[in-house]
$ cat run.pdb   # PDB, C-alpha atoms
ATOM      1  CA  MET A   1       0.000   0.000   0.000
ATOM      2  CA  SER A   2       1.089   3.574  -0.685
ATOM      3  CA  PHE A   3       1.764   6.023   2.136
ATOM      4  CA  SER A   4      -1.400   7.902   1.153
ATOM      5  CA  SER A   5      -3.451   4.702   1.398
ATOM      6  CA  ASN A   6      -1.980   3.941   4.813
ATOM      7  CA  VAL A   7      -2.967   7.393   6.021
ATOM      8  CA  LYS A   8      -6.539   6.919   4.807
ATOM      9  CA  GLU A   9      -6.708   3.476   6.358
ATOM     10  CA  GLU A  10      -5.748   5.020   9.688
ATOM     11  CA  LEU A  11      -8.248   7.866   9.277
ATOM     12  CA  ALA A  12     -11.023   5.416   8.411
ATOM     13  CA  LYS A  13     -10.822   4.123  11.974
ATOM     14  CA  GLN A  14     -10.968   7.615  13.500
ATOM     15  CA  ILE A  15     -14.596   8.317  14.475
ATOM     16  CA  SER A  16     -15.444  11.472  16.394
ATOM     17  CA  LYS A  17     -17.590  11.013  19.473
ATOM     18  CA  SER A  18     -19.413  14.328  19.154
ATOM     19  CA  ARG A  19     -22.268  14.557  16.682
ATOM     20  CA  HIS A  20     -21.261  18.053  15.569
ATOM     21  CA  CYS A  21     -17.861  16.669  14.532
ATOM     22  CA  GLN A  22     -19.509  13.725  12.784
ATOM     23  CA  LEU A  23     -21.624  16.191  10.798
ATOM     24  CA  ALA A  24     -18.562  18.263   9.911
ATOM     25  CA  GLU A  25     -16.729  15.190   8.621
ATOM     26  CA  LEU A  26     -19.776  14.084   6.638
ATOM     27  CA  ALA A  27     -19.913  17.573   5.150
ATOM     28  CA  GLY A  28     -16.279  17.223   4.036
ATOM     29  CA  ILE A  29     -16.982  13.860   2.409
ATOM     30  CA  ILE A  30     -20.255  14.851   0.724
ATOM     31  CA  GLU A  31     -18.824  18.164  -0.474
ATOM     32  CA  MET A  32     -16.173  16.239  -2.414
ATOM     33  CA  THR A  33     -17.919  13.053  -3.547
ATOM     34  CA  GLY A  34     -21.622  13.286  -2.672
ATOM     35  CA  ARG A  35     -24.430  13.286  -5.240
ATOM     36  CA  VAL A  36     -28.203  13.324  -5.169
ATOM     37  CA  ASP A  37     -29.939  11.319  -7.867
ATOM     38  CA  GLU A  38     -32.173  13.605  -9.950
ATOM     39  CA  LYS A  39     -34.897  10.991 -10.339
ATOM     40  CA  THR A  40     -35.023   9.355  -6.931
ATOM     41  CA  GLY A  41     -33.704  12.248  -4.837
ATOM     42  CA  CYS A  42     -31.474   9.814  -2.932
ATOM     43  CA  LEU A  43     -28.101  10.805  -1.494
ATOM     44  CA  SER A  44     -25.086   8.581  -2.197
ATOM     45  CA  LEU A  45     -21.346   8.776  -2.778
ATOM     46  CA  ASP A  46     -19.837   8.973  -6.243
ATOM     47  CA  SER A  47     -16.890   6.796  -5.237
ATOM     48  CA  GLU A  48     -15.703   3.195  -5.345
ATOM     49  CA  ASN A  49     -13.197   3.691  -2.538
ATOM     50  CA  MET A  50     -14.229   1.070   0.024
ATOM     51  CA  LEU A  51     -12.412   2.793   2.889
ATOM     52  CA  LEU A  52     -14.338   5.985   2.184
ATOM     53  CA  ILE A  53     -17.652   4.145   1.801
ATOM     54  CA  GLN A  54     -17.116   2.301   5.089
ATOM     55  CA  LYS A  55     -16.221   5.543   6.867
ATOM     56  CA  TYR A  56     -19.270   7.252   5.375
ATOM     57  CA  ALA A  57     -21.462   4.346   6.502
ATOM     58  CA  MET A  58     -20.180   4.525  10.082
ATOM     59  CA  LEU A  59     -20.684   8.289  10.257
ATOM     60  CA  MET A  60     -24.210   8.052   8.837
ATOM     61  CA  LYS A  61     -25.044   5.309  11.333
ATOM     62  CA  ARG A  62     -23.665   7.323  14.277
ATOM     63  CA  ALA A  63     -25.085  10.703  13.276
ATOM     64  CA  PHE A  64     -28.458   9.678  11.833
ATOM     65  CA  GLY A  65     -28.966   6.000  12.651
ATOM     66  CA  THR A  66     -29.098   5.431   8.900
ATOM     67  CA  ASP A  67     -28.085   2.184   7.196
ATOM     68  CA  ILE A  68     -26.643   3.118   3.803
ATOM     69  CA  THR A  69     -26.704  -0.486   2.594
ATOM     70  CA  LYS A  70     -30.306   0.398   1.824
ATOM     71  CA  ALA A  71     -30.941   3.278  -0.548
ATOM     72  CA  LEU A  72     -31.857   6.509   1.233
ATOM     73  CA  ASP A  73     -35.311   7.780   0.315
ATOM     74  CA  ARG A  74     -36.148  11.452  -0.255
ATOM     75  CA  GLN A  75     -37.211  11.980   3.330
ATOM     76  CA  GLU A  76     -33.981  10.542   4.779
ATOM     77  CA  THR A  77     -31.900  12.480   2.240
ATOM     78  CA  GLY A  78     -33.725  15.681   3.154
ATOM     79  CA  LYS A  79     -33.047  15.067   6.835
ATOM     80  CA  VAL A  80     -29.310  14.589   6.191
ATOM     81  CA  LEU A  81     -29.019  17.619   3.904
ATOM     82  CA  ALA A  82     -30.890  19.790   6.385
ATOM     83  CA  ALA A  83     -28.566  18.751   9.208
ATOM     84  CA  LEU A  84     -25.572  19.518   6.988
ATOM     85  CA  LYS A  85     -27.185  22.835   6.003
ATOM     86  CA  ILE A  86     -27.028  21.939   2.302
ATOM     87  CA  THR A  87     -29.864  23.818   0.638
ATOM     88  CA  THR A  88     -28.979  23.666  -3.071
ATOM     89  CA  LEU A  89     -27.904  21.057  -5.612
ATOM     90  CA  PRO A  90     -25.565  19.650  -6.725
ATOM     91  CA  VAL A  91     -24.228  18.881  -3.278
ATOM     92  CA  ASN A  92     -20.622  18.580  -4.487
ATOM     93  CA  LYS A  93     -20.459  22.104  -5.913
ATOM     94  CA  GLN A  94     -20.817  24.165  -2.745
ATOM     95  CA  ALA A  95     -18.718  25.028   0.276
ATOM     96  CA  ALA A  96     -19.758  23.900   3.738
ATOM     97  CA  ASP A  97     -21.880  26.153   5.906
ATOM     98  CA  GLY A  98     -19.629  28.119   8.262
ATOM     99  CA  LEU A  99     -21.638  27.019  11.299
ATOM    100  CA  LEU A 100     -20.479  23.424  10.734
ATOM    101  CA  VAL A 101     -16.804  24.337  11.023
ATOM    102  CA  MET A 102     -16.751  26.965  13.755
ATOM    103  CA  GLN A 103     -15.144  24.840  16.454
ATOM    104  CA  THR A 104     -11.553  23.641  16.198
ATOM    105  CA  CYS A 105     -12.559  20.001  16.561
ATOM    106  CA  CYS A 106     -15.079  20.376  13.727
ATOM    107  CA  LYS A 107     -12.451  21.973  11.503
ATOM    108  CA  ARG A 108     -10.258  18.934  12.098
ATOM    109  CA  ALA A 109     -13.123  16.592  11.271
ATOM    110  CA  PHE A 110     -14.064  18.482   8.105
ATOM    111  CA  ILE A 111     -10.476  18.449   6.813
ATOM    112  CA  ARG A 112     -10.267  14.741   7.613
ATOM    113  CA  GLY A 113     -13.432  14.038   5.637
ATOM    114  CA  ALA A 114     -12.313  16.132   2.665
ATOM    115  CA  PHE A 115      -8.945  14.375   2.607
ATOM    116  CA  MET A 116     -10.544  10.930   2.840
ATOM    117  CA  ALA A 117     -12.722  11.789  -0.157
ATOM    118  CA  ALA A 118     -10.376  13.731  -2.425
ATOM    119  CA  GLY A 119      -6.915  13.947  -0.900
ATOM    120  CA  SER A 120      -3.519  12.337  -1.288
ATOM    121  CA  ILE A 121       0.001  12.479   0.162
ATOM    122  CA  SER A 122       3.130  11.584  -1.797
ATOM    123  CA  ASP A 123       5.592   9.002  -0.541
ATOM    124  CA  PRO A 124       7.769  11.110   1.808
ATOM    125  CA  ASN A 125      10.845   9.112   0.800
ATOM    126  CA  LYS A 126      10.516  10.695  -2.645
ATOM    127  CA  ALA A 127       8.896  14.092  -2.131
ATOM    128  CA  TYR A 128       6.741  16.133   0.248
ATOM    129  CA  HIS A 129       3.317  16.858  -1.243
ATOM    130  CA  PHE A 130      -0.141  16.992   0.337
ATOM    131  CA  GLU A 131      -3.227  17.900  -1.683
ATOM    132  CA  ILE A 132      -7.021  17.878  -1.716
ATOM    133  CA  VAL A 133      -8.799  18.325  -5.067
ATOM    134  CA  CYS A 134     -11.888  20.566  -4.925
ATOM    135  CA  HIS A 135     -14.650  21.120  -7.493
ATOM    136  CA  THR A 136     -14.968  24.888  -7.054
ATOM    137  CA  ILE A 137     -12.820  27.833  -6.033
ATOM    138  CA  ASP A 138     -15.155  28.503  -3.098
ATOM    139  CA  GLN A 139     -14.552  25.002  -1.750
ATOM    140  CA  ALA A 140     -10.798  25.404  -2.205
ATOM    141  CA  ALA A 141     -10.753  28.842  -0.560
ATOM    142  CA  GLN A 142     -12.688  27.544   2.436
ATOM    143  CA  LEU A 143     -10.404  24.526   2.823
ATOM    144  CA  GLU A 144      -7.296  26.671   2.419
ATOM    145  CA  GLY A 145      -8.608  28.979   5.130
ATOM    146  CA  LEU A 146      -9.308  26.086   7.504
ATOM    147  CA  LEU A 147      -5.802  24.699   7.004
ATOM    148  CA  ARG A 148      -4.277  28.139   7.507
ATOM    149  CA  ASP A 149      -6.196  28.409  10.780
ATOM    150  CA  PHE A 150      -3.760  25.708  11.963
ATOM    151  CA  ASP A 151      -0.758  27.724  10.695
ATOM    152  CA  THR A 152      -0.076  25.531   7.676
ATOM    153  CA  ASP A 153       1.222  27.022   4.434
ATOM    154  CA  ALA A 154      -1.710  25.893   2.269
ATOM    155  CA  LYS A 155      -1.987  27.219  -1.280
ATOM    156  CA  ILE A 156      -4.364  26.824  -4.243
ATOM    157  CA  VAL A 157      -3.601  25.943  -7.856
ATOM    158  CA  GLU A 158      -6.003  25.308 -10.734
ATOM    159  CA  ARG A 159      -5.538  21.965 -12.473
ATOM    160  CA  LYS A 160      -7.672  20.521 -15.282
ATOM    161  CA  GLY A 161     -10.805  22.400 -14.270
ATOM    162  CA  HIS A 162     -10.430  21.631 -10.571
ATOM    163  CA  TYR A 163      -8.927  23.623  -7.706
ATOM    164  CA  VAL A 164      -6.199  21.892  -5.725
ATOM    165  CA  VAL A 165      -5.351  22.886  -2.177
ATOM    166  CA  TYR A 166      -1.767  21.772  -1.610
ATOM    167  CA  ILE A 167       1.119  21.896   0.862
ATOM    168  CA  LYS A 168       4.774  21.263  -0.038
ATOM    169  CA  GLU A 169       6.607  21.832   3.227
ATOM    170  CA  GLY A 170       7.353  18.590   5.100
ATOM    171  CA  ALA A 171       6.847  20.127   8.554
ATOM    172  CA  HIS A 172       3.443  21.495   7.529
ATOM    173  CA  ILE A 173       2.387  18.106   6.136
ATOM    174  CA  VAL A 174       3.247  16.680   9.550
ATOM    175  CA  ASP A 175       0.971  19.370  10.993
ATOM    176  CA  CYS A 176      -1.804  18.250   8.614
ATOM    177  CA  LEU A 177      -1.526  14.667   9.829
ATOM    178  CA  ASN A 178      -1.750  15.992  13.369
ATOM    179  CA  ILE A 179      -4.814  18.063  12.437
ATOM    180  CA  MET A 180      -6.534  14.981  11.009
ATOM    181  CA  GLU A 181      -5.386  12.887  13.999
ATOM    182  CA  ALA A 182      -3.394  10.385  11.914
ATOM    183  CA  TYR A 183      -0.767   9.975  14.619
ATOM    184  CA  VAL A 184       0.794   6.691  13.438
ATOM    185  CA  SER A 185       1.339   8.104   9.956
ATOM    186  CA  LEU A 186       2.656  11.299  11.522
ATOM    187  CA  MET A 187       5.375   9.357  13.358
ATOM    188  CA  LYS A 188       6.319   7.485  10.178
ATOM    189  CA  LEU A 189       6.630  10.737   8.265
ATOM    190  CA  GLU A 190       8.653  12.324  11.065
ATOM    191  CA  ASN A 191      11.058   9.357  11.013
ATOM    192  CA  VAL A 192      11.546   9.810   7.271
ATOM    193  CA  ARG A 193      12.102  13.548   7.732
ATOM    194  CA  ILE A 194      14.677  12.970  10.479
ATOM    195  CA  LEU A 195      16.610  10.469   8.340
ATOM    196  CA  LYS A 196      16.493  12.816   5.364
ATOM    197  CA  GLU A 197      17.723  15.755   7.421
ATOM    198  CA  MET A 198      20.527  13.647   8.891
ATOM    199  CA  ARG A 199      21.621  12.537   5.410
ATOM    200  CA  ASN A 200      21.475  16.098   4.116
ATOM    201  CA  SER A 201      23.424  17.357   7.116
ATOM    202  CA  VAL A 202      26.116  14.701   6.644
ATOM    203  CA  ASN A 203      26.303  15.450   2.925
ATOM    204  CA  ARG A 204      26.650  19.174   3.608
ATOM    205  CA  LYS A 205      29.442  18.559   6.111
ATOM    206  CA  VAL A 206      31.238  16.132   3.778
ATOM    207  CA  ASN A 207      30.942  18.566   0.883
ATOM    208  CA  CYS A 208      32.168  21.412   3.058
ATOM    209  CA  GLU A 209      35.117  19.401   4.378
ATOM    210  CA  THR A 210      35.948  18.196   0.867
ATOM    211  CA  ALA A 211      35.897  21.772  -0.404
ATOM    212  CA  ASN A 212      38.118  22.904   2.485
ATOM    213  CA  ILE A 213      40.581  20.071   1.890
ATOM    214  CA  SER A 214      40.649  20.838  -1.812
ATOM    215  CA  LYS A 215      41.203  24.517  -1.084
ATOM    216  CA  THR A 216      44.025  23.717   1.386
ATOM    217  CA  VAL A 217      45.722  21.315  -1.045
ATOM    218  CA  ASN A 218      45.496  23.781  -3.933
ATOM    219  CA  ALA A 219      46.915  26.547  -1.749
ATOM    220  CA  ALA A 220      49.806  24.301  -0.614
ATOM    221  CA  VAL A 221      50.595  23.318  -4.224
ATOM    222  CA  LYS A 222      50.657  26.991  -5.217
ATOM    223  CA  GLN A 223      52.927  27.839  -2.267
ATOM    224  CA  ILE A 224      55.410  25.107  -3.190
ATOM    225  CA  GLU A 225      55.404  26.245  -6.823
ATOM    226  CA  ASP A 226      56.167  29.795  -5.684
ATOM    227  CA  ILE A 227      58.991  28.641  -3.403
ATOM    228  CA  GLU A 228      60.507  26.453  -6.135
ATOM    229  CA  LEU A 229      60.393  29.398  -8.519
ATOM    230  CA  ILE A 230      62.165  31.618  -5.980
ATOM    231  CA  ARG A 231      64.811  28.954  -5.404
ATOM    232  CA  LYS A 232      65.387  28.601  -9.138
ATOM    233  CA  MET A 233      65.374  32.296 -10.043
ATOM    234  CA  ARG A 234      66.860  33.904  -6.936
ATOM    235  CA  GLY A 235      67.855  31.306  -4.402
ATOM    236  CA  LEU A 236      66.419  30.836  -0.910
ATOM    237  CA  ASP A 237      69.587  31.982   0.852
ATOM    238  CA  ASP A 238      68.920  35.510  -0.377
ATOM    239  CA  LEU A 239      65.597  35.642   1.499
ATOM    240  CA  PRO A 240      65.160  37.250   4.930
ATOM    241  CA  PRO A 241      65.702  34.637   7.697
ATOM    242  CA  GLN A 242      62.011  34.382   8.619
ATOM    243  CA  LEU A 243      60.916  33.851   5.003
ATOM    244  CA  ARG A 244      63.757  31.388   4.309
ATOM    245  CA  GLU A 245      62.778  29.328   7.365
ATOM    246  CA  MET A 246      59.139  29.397   6.249
ATOM    247  CA  ALA A 247      60.035  28.349   2.686
ATOM    248  CA  LEU A 248      62.159  25.425   3.838
ATOM    249  CA  LEU A 249      59.434  24.214   6.221
ATOM    250  CA  ARG A 250      56.791  24.299   3.509
ATOM    251  CA  LEU A 251      59.051  22.246   1.217
ATOM    252  CA  GLU A 252      59.694  19.768   4.031
ATOM    253  CA  TYR A 253      56.017  19.491   5.029
ATOM    254  CA  PRO A 254      54.068  20.004   1.777
ATOM    255  CA  GLU A 255      50.748  18.678   3.180
ATOM    256  CA  ALA A 256      50.844  20.295   6.624
ATOM    257  CA  PRO A 257      48.119  22.845   7.456
ATOM    258  CA  LEU A 258      49.151  26.363   8.405
ATOM    259  CA  LYS A 259      48.656  25.854  12.140
ATOM    260  CA  GLU A 260      50.923  22.818  12.109
ATOM    261  CA  LEU A 261      53.576  24.649  10.106
ATOM    262  CA  GLY A 262      53.544  27.442  12.672
ATOM    263  CA  GLY A 263      54.315  24.938  15.405
ATOM    264  CA  TYR A 264      57.527  23.899  13.636
ATOM    265  CA  LEU A 265      58.891  27.461  13.705
ATOM    266  CA  ASP A 266      61.200  28.658  16.470
ATOM    267  CA  PRO A 267      59.604  30.434  18.205
ATOM    268  CA  PRO A 268      56.202  29.039  17.133
ATOM    269  CA  VAL A 269      53.952  31.326  15.079
ATOM    270  CA  GLY A 270      50.164  31.332  14.801
ATOM    271  CA  LYS A 271      48.157  30.538  11.683
ATOM    272  CA  SER A 272      47.834  34.182  10.667
ATOM    273  CA  GLY A 273      51.595  34.698  11.026
ATOM    274  CA  VAL A 274      52.328  31.684   8.814
ATOM    275  CA  ASN A 275      49.827  32.887   6.246
ATOM    276  CA  HIS A 276      51.424  36.354   6.259
ATOM    277  CA  ARG A 277      54.893  34.923   5.507
ATOM    278  CA  LEU A 278      53.592  32.638   2.770
ATOM    279  CA  ARG A 279      51.847  35.617   1.165
ATOM    280  CA  LYS A 280      55.147  37.504   1.151
ATOM    281  CA  LEU A 281      56.801  34.528  -0.567
ATOM    282  CA  SER A 282      53.962  34.492  -3.124
ATOM    283  CA  ALA A 283      54.445  38.201  -3.797
ATOM    284  CA  ILE A 284      58.181  37.673  -4.386
ATOM    285  CA  ALA A 285      57.381  34.819  -6.782
ATOM    286  CA  GLU A 286      54.935  37.031  -8.703
ATOM    287  CA  GLU A 287      57.639  39.687  -9.154
ATOM    288  CA  LEU A 288      59.980  37.043 -10.591
ATOM    289  CA  ARG A 289      57.463  35.702 -13.088
TER     290      ARG A 289
END
$ encode --input "run.pdb" --output "structure tokens"
Amino acid sequence: MSFSSNVKEELAKQISKSRHCQLAELAGIIEMTGRVDEKTGCLSLDSENMLLIQKYAMLMKRAFGTDITKALDRQETGKVLAALKITTLPVNKQAADGLLVMQTCCKRAFIRGAFMAAGSISDPNKAYHFEIVCHTIDQAAQLEGLLRDFDTDAKIVERKGHYVVYIKEGAHIVDCLNIMEAYVSLMKLENVRILKEMRNSVNRKVNCETANISKTVNAAVKQIEDIELIRKMRGLDDLPPQLREMALLRLEYPEAPLKELGGYLDPPVGKSGVNHRLRKLSAIAEELR
């Protein structure tokens, strides 16, 4: 199973105890996949997702005592739509009534229902992407607002005639799982994020150390070339004592870092002092070129 499927499987088992939250979650589901048959006036889901259908059945049973294995008649449909404050058709083309999502717990439930019906999450090992596909811009704007109420960086993009509410930041996707109360999936995603961050941190350090080593080696090669040029063109004995000592040490210890070279001097000199002398040798070499 995909990560997204695992999340939905976990959410399918999450049933709110409060009826107002059950109604909010039903509103999220029906807003995305509900339909009312024009001839019979019966409410049903336009989905073959068994997890969603089972979740819908449990919510309908808890909230209305309705068994959806039997077709809902007009009266039962009217009762459900009235409770969900859906007054116009089609039911999947309108945003939820604000009264259904006033409380924080109801916002969580509504987002959970919308995700169950029309959402997905990419495999976090490959990329971070959370989205819920809405039918209208009003639905998307409402959902974006609800997600932003929890300080997530939700955004909207139009795609093939639909409006997609999406989140790209890994930490905010973790927040979404927390909002929907998918705590097992949240921990799995956090583990992936931690491993990724550790790998990235190690790679950054390795790259940085490699760059520093390369820079040190290149500098040492250049210093030796300069000293060899001075020895060939002018001779090291003609140099001031401090520079001659520095030149001979660099030739003797071609791979030593500056701090180590300074320790070989008598008296010892710090890194900046060694660098200063090597720069003087480089300047002499440039004059001879």
$ closest_residue --input "run.pdb" --among "A:Asp151, A:Asp238, A:Asp123, A:Glu25" --to "Val192 (chain A)" --atoms "all atoms listed in the file"
A:Asp123
$ residues_around --input "run.pdb" --residues "Leu23 (chain A)" --least-positions-apart "6" --cutoff "10 Å" --atoms "all atoms listed in the file" --output "VMD selection string"
chain A and resid 16 29 59 to 60 62 to 64 80 83 to 85 100 to 101 106 109 to 110 113
$ write_last_selection --input "run.pdb" --atoms "C-alpha atoms" --output "PDB file, in the frame of the given file"
ATOM      1  CA  SER A  16     -15.444  11.472  16.394  1.00  0.00           C
ATOM      2  CA  ILE A  29     -16.982  13.860   2.409  1.00  0.00           C
ATOM      3  CA  LEU A  59     -20.684   8.289  10.257  1.00  0.00           C
ATOM      4  CA  MET A  60     -24.210   8.052   8.837  1.00  0.00           C
ATOM      5  CA  ARG A  62     -23.665   7.323  14.277  1.00  0.00           C
ATOM      6  CA  ALA A  63     -25.085  10.703  13.276  1.00  0.00           C
ATOM      7  CA  PHE A  64     -28.458   9.678  11.833  1.00  0.00           C
ATOM      8  CA  VAL A  80     -29.310  14.589   6.191  1.00  0.00           C
ATOM      9  CA  ALA A  83     -28.566  18.751   9.208  1.00  0.00           C
ATOM     10  CA  LEU A  84     -25.572  19.518   6.988  1.00  0.00           C
ATOM     11  CA  LYS A  85     -27.185  22.835   6.003  1.00  0.00           C
ATOM     12  CA  LEU A 100     -20.479  23.424  10.734  1.00  0.00           C
ATOM     13  CA  VAL A 101     -16.804  24.337  11.023  1.00  0.00           C
ATOM     14  CA  CYS A 106     -15.079  20.376  13.727  1.00  0.00           C
ATOM     15  CA  ALA A 109     -13.123  16.592  11.271  1.00  0.00           C
ATOM     16  CA  PHE A 110     -14.064  18.482   8.105  1.00  0.00           C
ATOM     17  CA  GLY A 113     -13.432  14.038   5.637  1.00  0.00           C
TER      18      GLY A 113
END
$ resolve_selection --input "run.pdb" --expression "the PyMOL selection byres ((chain A and resi 120) around 12)" --output "ChimeraX atom specification"
/A:2-8,112,114-119,121-124,128-133,164-167,173,176-177
$ resolve_selection --input "run.pdb" --expression "the PyMOL selection byres ((chain A and resi 243-260) around 7)" --output "PyMOL selection string"
chain A and resi 220+224+227+236-237+239-242+261-264+270-271+274-275+277+281
$ residues_near_point --input "run.pdb" --point "(0.6, 28.2, 1.6)" --cutoff "10 Å" --atoms "only C-alpha atoms" --output "list in words"
Glu144, Gly145, Leu147, Arg148, Asp151, Thr152, Asp153, Ala154, Lys155, Ile156, Val165, Tyr166, Ile167, Lys168, Glu169 and His172 of chain A
$ closest_residue --input "run.pdb" --among "A:Ala12, A:Ala27, A:Cys134, A:Leu146" --to "Ile179 (chain A)" --atoms "only C-alpha atoms"
A:Leu146
$ atom_distance --input "run.pdb" --atom1 "CA of His162 (chain A)" --atom2 "CA of Gly34 (chain A)"
16.0 Å
$ closest_residue --input "run.pdb" --among "A:Arg19, A:Lys107, A:Lys93, A:Arg159" --to "Val36 (chain A)" --atoms "all atoms listed in the file"
A:Lys93
$ residues_around --input "run.pdb" --residues "Thr77 (chain A)" --least-positions-apart "3" --cutoff "8 Å" --atoms "only C-alpha atoms" --output "ChimeraX atom specification"
/A:41-43,72-74,80-81
$ resolve_selection --input "run.pdb" --expression "the PyMOL selection byres ((chain A and resi 94) around 9)" --output "PDB file with C-alpha atoms, in the frame of the given file"
ATOM      1  CA  GLU A  31     -18.824  18.164  -0.474  1.00  0.00           C
ATOM      2  CA  ILE A  86     -27.028  21.939   2.302  1.00  0.00           C
ATOM      3  CA  THR A  88     -28.979  23.666  -3.071  1.00  0.00           C
ATOM      4  CA  LEU A  89     -27.904  21.057  -5.612  1.00  0.00           C
ATOM      5  CA  PRO A  90     -25.565  19.650  -6.725  1.00  0.00           C
ATOM      6  CA  VAL A  91     -24.228  18.881  -3.278  1.00  0.00           C
ATOM      7  CA  ASN A  92     -20.622  18.580  -4.487  1.00  0.00           C
ATOM      8  CA  LYS A  93     -20.459  22.104  -5.913  1.00  0.00           C
ATOM      9  CA  ALA A  95     -18.718  25.028   0.276  1.00  0.00           C
ATOM     10  CA  ALA A  96     -19.758  23.900   3.738  1.00  0.00           C
ATOM     11  CA  ASP A  97     -21.880  26.153   5.906  1.00  0.00           C
ATOM     12  CA  HIS A 135     -14.650  21.120  -7.493  1.00  0.00           C
ATOM     13  CA  THR A 136     -14.968  24.888  -7.054  1.00  0.00           C
ATOM     14  CA  ASP A 138     -15.155  28.503  -3.098  1.00  0.00           C
ATOM     15  CA  GLN A 139     -14.552  25.002  -1.750  1.00  0.00           C
TER      16      GLN A 139
END
$ closest_residue --input "run.pdb" --among "A:Arg289, A:Gln14, A:Met198, A:Asn212" --to "Met58 (chain A)" --atoms "all atoms listed in the file"
A:Gln14
$ closest_residue --input "run.pdb" --among "A:Leu45, A:Ala171, A:Ser214, A:Leu278" --to "Glu197 (chain A)" --atoms "all atoms listed in the file"
A:Ala171
$ atom_distance --input "run.pdb" --atom1 "CA of Glu190 (chain A)" --atom2 "CA of Gly28 (chain A)"
26.4 Å
$ closest_residue --input "run.pdb" --among "A:Ser44, A:Asn178, A:Thr104, A:Thr69" --to "Met32 (chain A)" --atoms "all atoms listed in the file"
A:Ser44
$ atom_distance --input "run.pdb" --atom1 "CA of Thr40 (chain A)" --atom2 "CA of Ile15 (chain A)"
29.6 Å
$ axis_aligned_box --input "run.pdb" --around "region 174-179 of chain A" --padding-each-side "8 Å" --output "AutoDock Vina command-line options"
--center_x -0.8 --center_y 17.0 --center_z 11.0 --size_x 24.1 --size_y 20.7 --size_z 20.8
$ decode --input "run.pdb" --residues "region 131-142 of chain A" --atoms "N, CA, C and O atoms" --output "PDB file, in the first residue's frame"
ATOM      1  N   GLU A 131      -2.238  17.150  -0.906  1.00  0.00           N
ATOM      2  CA  GLU A 131      -3.227  17.900  -1.683  1.00  0.00           C
ATOM      3  C   GLU A 131      -4.634  17.351  -1.481  1.00  0.00           C
ATOM      4  O   GLU A 131      -4.826  16.177  -1.133  1.00  0.00           O
ATOM      5  N   ILE A 132      -5.606  18.244  -1.682  1.00  0.00           N
ATOM      6  CA  ILE A 132      -7.021  17.878  -1.716  1.00  0.00           C
ATOM      7  C   ILE A 132      -7.616  18.572  -2.942  1.00  0.00           C
ATOM      8  O   ILE A 132      -7.485  19.791  -3.093  1.00  0.00           O
ATOM      9  N   VAL A 133      -8.257  17.799  -3.808  1.00  0.00           N
ATOM     10  CA  VAL A 133      -8.799  18.325  -5.067  1.00  0.00           C
ATOM     11  C   VAL A 133     -10.252  18.738  -4.868  1.00  0.00           C
ATOM     12  O   VAL A 133     -11.098  17.914  -4.488  1.00  0.00           O
ATOM     13  N   CYS A 134     -10.537  20.020  -5.119  1.00  0.00           N
ATOM     14  CA  CYS A 134     -11.888  20.566  -4.925  1.00  0.00           C
ATOM     15  C   CYS A 134     -12.556  20.834  -6.272  1.00  0.00           C
ATOM     16  O   CYS A 134     -11.886  21.070  -7.277  1.00  0.00           O
ATOM     17  N   HIS A 135     -13.900  20.870  -6.258  1.00  0.00           N
ATOM     18  CA  HIS A 135     -14.650  21.120  -7.493  1.00  0.00           C
ATOM     19  C   HIS A 135     -14.718  22.599  -7.832  1.00  0.00           C
ATOM     20  O   HIS A 135     -14.733  22.965  -9.005  1.00  0.00           O
ATOM     21  N   THR A 136     -14.792  23.456  -6.814  1.00  0.00           N
ATOM     22  CA  THR A 136     -14.968  24.888  -7.054  1.00  0.00           C
ATOM     23  C   THR A 136     -13.936  25.699  -6.286  1.00  0.00           C
ATOM     24  O   THR A 136     -13.349  25.235  -5.309  1.00  0.00           O
ATOM     25  N   ILE A 137     -13.763  26.944  -6.715  1.00  0.00           N
ATOM     26  CA  ILE A 137     -12.820  27.833  -6.033  1.00  0.00           C
ATOM     27  C   ILE A 137     -13.308  28.177  -4.629  1.00  0.00           C
ATOM     28  O   ILE A 137     -12.499  28.362  -3.707  1.00  0.00           O
ATOM     29  N   ASP A 138     -14.616  28.228  -4.432  1.00  0.00           N
ATOM     30  CA  ASP A 138     -15.155  28.503  -3.098  1.00  0.00           C
ATOM     31  C   ASP A 138     -14.804  27.378  -2.124  1.00  0.00           C
ATOM     32  O   ASP A 138     -14.452  27.626  -0.965  1.00  0.00           O
ATOM     33  N   GLN A 139     -14.924  26.135  -2.584  1.00  0.00           N
ATOM     34  CA  GLN A 139     -14.552  25.002  -1.750  1.00  0.00           C
ATOM     35  C   GLN A 139     -13.063  25.070  -1.393  1.00  0.00           C
ATOM     36  O   GLN A 139     -12.672  24.878  -0.245  1.00  0.00           O
ATOM     37  N   ALA A 140     -12.246  25.349  -2.416  1.00  0.00           N
ATOM     38  CA  ALA A 140     -10.798  25.404  -2.205  1.00  0.00           C
ATOM     39  C   ALA A 140     -10.424  26.535  -1.245  1.00  0.00           C
ATOM     40  O   ALA A 140      -9.587  26.363  -0.357  1.00  0.00           O
ATOM     41  N   ALA A 141     -11.052  27.693  -1.419  1.00  0.00           N
ATOM     42  CA  ALA A 141     -10.753  28.842  -0.560  1.00  0.00           C
ATOM     43  C   ALA A 141     -11.134  28.548   0.891  1.00  0.00           C
ATOM     44  O   ALA A 141     -10.407  28.910   1.824  1.00  0.00           O
ATOM     45  N   GLN A 142     -12.272  27.880   1.075  1.00  0.00           N
ATOM     46  CA  GLN A 142     -12.688  27.544   2.436  1.00  0.00           C
ATOM     47  C   GLN A 142     -11.707  26.557   3.072  1.00  0.00           C
ATOM     48  O   GLN A 142     -11.275  26.740   4.211  1.00  0.00           O
TER      49      GLN A 142
END
